[in-house]
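One structure below.
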Amino acid sequence: MEVKNKLYKGQGIHVITALFTVEQGITKVLLIKRKNEPFLGDWVLTGGALYNNEDLEAGALREIEEKTGITKVKINQFKAFGKVDRSPVMRMVAIGFIGILDSKRVNLLRETKNTSNADWFPIDKIPPLGYDHEEILHDAILELRKQIVKSNILKSLFPDGVTLPELQKTYEAILDKKFDRRNFRKKILNLDLIEDTNTSDRFEGNKPAKVYKFKDKIEDKDIF
């Protein structure tokens, strides 16, 4: 590497996170409204520029906290976005992350130093986004759908446990697909993915159902 080569200069890194939730069977993503140029007034995914003294995930978590107030969220890196002109300021490579959480458990800041608003949007009702965030969001949704059928990523959405009817509705919301109740129950219970908490709860006013929780560690597997 020739450090003085001018082709190495004027580059930076964005860390961009698509934070998802599921509310009443609707999959939503968190968007923030920019207060500064470029893309002043545009909605974007949560993120910003990485400092040169921090790791990728640390930078993504810092940006989430600074621009939404959300802390202690688990995120997973999934893809890099490197179009030369994706930022009008300078060459910026974006590192994409995804996370999922219960929106009712966080205190969302509606305005910060760099944002004028923040809100959860259904993934089928997304406003025009700044930068290349429509592309990033599209790929993040695909990644979320992959991860919920291969991992315990939904543990972050249901830290205290979940009933099978609620879990089925969540899978259906994210995958945009309907499942037969008996087949879903059989499939889930035959996997070493969740465990019985020996408690019960009501979901949508129906009769009490067993509450399960996701195991901390599982082997990656195909669920559906």
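Order determines the names: the first chain of the structure tokens is A, the second B, and so forth; residues in each chain are numbered 1 upward, and ligands are numbered 1 upward as they are shown.
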Next item on the list: Tell me, as a PyMOL selection string, which residues lie within 8 Å of stretch 213-215 of chain A, counting only C-alpha atoms; anything in the same chain fewer than 4 positions away does not count.
Entry: chain A and resi 152+154-155+158-162+193-197
Residues of stretch 47-149 of chain A at most 12 Å from stretch 25-39 of chain A: nearest atom pair and distance in Å, only C-alpha atoms, as a Markdown table:
| residue | atom | partner | partner_atom | distance |
| --- | --- | --- | --- | --- |
| A:Gly47 | CA | A:Ile32 | CA | 9.1 |
| A:Gly48 | CA | A:Arg34 | CA | 10.7 |
| A:Glu63 | CA | A:Ile32 | CA | 11.5 |
| A:Ile64 | CA | A:Ile32 | CA | 10.2 |
| A:Glu66 | CA | A:Ile32 | CA | 11.4 |
| A:Lys67 | CA | A:Ile32 | CA | 7.7 |
| A:Thr68 | CA | A:Ile32 | CA | 7.9 |
| A:Gly69 | CA | A:Ile32 | CA | 11.7 |
| A:Ile70 | CA | A:Leu30 | CA | 11.0 |
| A:Arg86 | CA | A:Pro38 | CA | 11.5 |
| A:Ser87 | CA | A:Pro38 | CA | 8.4 |
| A:Pro88 | CA | A:Pro38 | CA | 7.3 |
| A:Val89 | CA | A:Pro38 | CA | 7.7 |
| A:Met90 | CA | A:Pro38 | CA | 11.2 |
| A:Ile98 | CA | A:Val29 | CA | 10.0 |
| A:Gly99 | CA | A:Val29 | CA | 9.7 |
| A:Ile100 | CA | A:Val29 | CA | 8.9 |
| A:Leu101 | CA | A:Val29 | CA | 10.2 |
| A:Asp102 | CA | A:Lys28 | CA | 10.7 |
| A:Ser103 | CA | A:Leu30 | CA | 9.3 |
| A:Val106 | CA | A:Leu30 | CA | 11.9 |
| A:Leu108 | CA | A:Leu30 | CA | 9.8 |
| A:Leu109 | CA | A:Ile32 | CA | 9.8 |
| A:Arg110 | CA | A:Ile32 | CA | 8.3 |
| A:Glu111 | CA | A:Lys33 | CA | 8.7 |
| A:Thr112 | CA | A:Lys35 | CA | 8.8 |
| A:Lys113 | CA | A:Lys35 | CA | 7.9 |
| A:Asn114 | CA | A:Lys35 | CA | 5.2 |
| A:Thr115 | CA | A:Arg34 | CA | 4.8 |
| A:Ser116 | CA | A:Lys35 | CA | 5.5 |
| A:Asn117 | CA | A:Lys33 | CA | 5.1 |
| A:Ala118 | CA | A:Ile32 | CA | 4.2 |
| A:Asp119 | CA | A:Leu31 | CA | 5.7 |
| A:Trp120 | CA | A:Leu30 | CA | 4.5 |
| A:Phe121 | CA | A:Lys28 | CA | 5.0 |
| A:Pro122 | CA | A:Lys28 | CA | 4.1 |
| A:Ile123 | CA | A:Lys28 | CA | 5.3 |
| A:Asp124 | CA | A:Lys28 | CA | 8.5 |
| A:Lys125 | CA | A:Lys28 | CA | 9.1 |
| A:Ile126 | CA | A:Val29 | CA | 8.8 |
| A:Pro127 | CA | A:Leu31 | CA | 9.5 |
| A:Pro128 | CA | A:Phe39 | CA | 10.9 |
| A:Leu129 | CA | A:Phe39 | CA | 8.8 |
| A:Gly130 | CA | A:Phe39 | CA | 5.7 |
| A:Tyr131 | CA | A:Phe39 | CA | 7.4 |
| A:Asp132 | CA | A:Phe39 | CA | 11.1 |
| A:His133 | CA | A:Leu31 | CA | 10.2 |
| A:Glu134 | CA | A:Leu31 | CA | 11.3 |
| A:Leu137 | CA | A:Val29 | CA | 8.7 |
| A:His138 | CA | A:Val29 | CA | 11.2 |
| A:Ala140 | CA | A:Val29 | CA | 10.1 |
| A:Ile141 | CA | A:Val29 | CA | 9.3 |
| A:Leu144 | CA | A:Thr27 | CA | 10.8 |
| A:Arg145 | CA | A:Thr27 | CA | 11.1 |
Convert the current residue selection to file output with C-alpha atoms, as a PDB file, in the first residue's frame.
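Saved to out.pdb:
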ATOM      1  CA  GLY A  47     -26.429   5.714  11.347  1.00  0.00           C
ATOM      2  CA  GLY A  48     -23.607   8.033  10.491  1.00  0.00           C
ATOM      3  CA  GLU A  63     -24.840   6.296  16.284  1.00  0.00           C
ATOM      4  CA  ILE A  64     -27.995   4.501  17.410  1.00  0.00           C
ATOM      5  CA  GLU A  66     -26.855   9.492  19.717  1.00  0.00           C
ATOM      6  CA  LYS A  67     -29.688   9.701  17.190  1.00  0.00           C
ATOM      7  CA  THR A  68     -32.452   7.670  18.855  1.00  0.00           C
ATOM      8  CA  GLY A  69     -31.566   7.313  22.535  1.00  0.00           C
ATOM      9  CA  ILE A  70     -31.755   3.526  22.226  1.00  0.00           C
ATOM     10  CA  ARG A  86     -23.476   6.967  -2.664  1.00  0.00           C
ATOM     11  CA  SER A  87     -22.586  10.128  -0.699  1.00  0.00           C
ATOM     12  CA  PRO A  88     -22.351  13.586  -2.310  1.00  0.00           C
ATOM     13  CA  VAL A  89     -19.758  14.708   0.256  1.00  0.00           C
ATOM     14  CA  MET A  90     -16.968  12.180  -0.249  1.00  0.00           C
ATOM     15  CA  ILE A  98     -29.709  -5.159  11.430  1.00  0.00           C
ATOM     16  CA  GLY A  99     -31.360  -5.491  14.808  1.00  0.00           C
ATOM     17  CA  ILE A 100     -34.826  -6.223  16.164  1.00  0.00           C
ATOM     18  CA  LEU A 101     -36.347  -5.094  19.441  1.00  0.00           C
ATOM     19  CA  ASP A 102     -39.597  -4.431  21.257  1.00  0.00           C
ATOM     20  CA  SER A 103     -40.446  -0.803  20.464  1.00  0.00           C
ATOM     21  CA  VAL A 106     -37.398   1.786  24.528  1.00  0.00           C
ATOM     22  CA  LEU A 108     -37.264   6.878  21.588  1.00  0.00           C
ATOM     23  CA  LEU A 109     -35.836  10.374  21.211  1.00  0.00           C
ATOM     24  CA  ARG A 110     -37.884  12.256  18.631  1.00  0.00           C
ATOM     25  CA  GLU A 111     -35.270  14.970  18.172  1.00  0.00           C
ATOM     26  CA  THR A 112     -31.522  15.170  18.691  1.00  0.00           C
ATOM     27  CA  LYS A 113     -28.629  17.406  17.652  1.00  0.00           C
ATOM     28  CA  ASN A 114     -28.642  15.906  14.158  1.00  0.00           C
ATOM     29  CA  THR A 115     -32.236  14.707  13.767  1.00  0.00           C
ATOM     30  CA  SER A 116     -35.603  16.477  13.729  1.00  0.00           C
ATOM     31  CA  ASN A 117     -37.793  13.399  14.116  1.00  0.00           C
ATOM     32  CA  ALA A 118     -37.765   9.622  14.567  1.00  0.00           C
ATOM     33  CA  ASP A 119     -40.553   7.108  14.088  1.00  0.00           C
ATOM     34  CA  TRP A 120     -41.408   3.497  13.270  1.00  0.00           C
ATOM     35  CA  PHE A 121     -42.678   2.897   9.729  1.00  0.00           C
ATOM     36  CA  PRO A 122     -44.370  -0.225   8.322  1.00  0.00           C
ATOM     37  CA  ILE A 123     -41.940  -1.752   5.848  1.00  0.00           C
ATOM     38  CA  ASP A 124     -44.561  -1.546   3.087  1.00  0.00           C
ATOM     39  CA  LYS A 125     -45.149   2.179   3.711  1.00  0.00           C
ATOM     40  CA  ILE A 126     -41.675   3.667   3.579  1.00  0.00           C
ATOM     41  CA  PRO A 127     -41.247   7.322   2.529  1.00  0.00           C
ATOM     42  CA  PRO A 128     -38.493   8.286   0.061  1.00  0.00           C
ATOM     43  CA  LEU A 129     -35.132   7.836   1.796  1.00  0.00           C
ATOM     44  CA  GLY A 130     -31.905   9.793   1.527  1.00  0.00           C
ATOM     45  CA  TYR A 131     -28.584   8.397   0.346  1.00  0.00           C
ATOM     46  CA  ASP A 132     -28.922   4.793  -0.873  1.00  0.00           C
ATOM     47  CA  HIS A 133     -30.934   3.789   2.179  1.00  0.00           C
ATOM     48  CA  GLU A 134     -33.788   2.341   0.138  1.00  0.00           C
ATOM     49  CA  LEU A 137     -33.345  -1.293   3.725  1.00  0.00           C
ATOM     50  CA  HIS A 138     -34.387  -3.681   0.947  1.00  0.00           C
ATOM     51  CA  ALA A 140     -31.824  -5.559   5.395  1.00  0.00           C
ATOM     52  CA  ILE A 141     -35.393  -6.904   5.135  1.00  0.00           C
ATOM     53  CA  LEU A 144     -33.940 -10.274   8.602  1.00  0.00           C
ATOM     54  CA  ARG A 145     -36.074 -12.895   6.868  1.00  0.00           C
TER      55      ARG A 145
END
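Counting only C-alpha atoms, the residue from A:Gln77, A:Asn198, A:Asn107, A:Gln147 that sits nearest to A:Tyr171 is A:Gln147.
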Next item on the list: Work out how far apart atom CA of A:Leu164 and atom CA of A:Lys74 are and give it in Å to one decimal.
Entry: 23.0 Å
Item checked: Option closest in space to A:Ala80, from A:Ile136, A:Ala58, A:Leu40, A:Ile188 [counting only C-alpha atoms] -> A:Ile136
Item checked: Residues near A:Ala209, cut-off 7 Å, only C-alpha atoms, skip fewer than 3 positions along chain, as a ChimeraX atom specification -> /A:163,200-202
Check: When DSSP works through the backbone of this structure, what residues of stretch 9-221 of chain A end up as strand (DSSP E), shown as a PyMOL selection string?
Finding: chain A and resi 11-23+26-34+43-44+46-49+75-81+91-100+115-122+162-163+194-201+209-214
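Considering only C-alpha atoms, the residue among A:Leu7, A:Val73, A:Leu191, A:Met92 positioned nearest to A:Leu157 is A:Val73.
Take atom CA of A:Glu204 and atom CA of A:Glu166: the distance between them is 8.5 Å.
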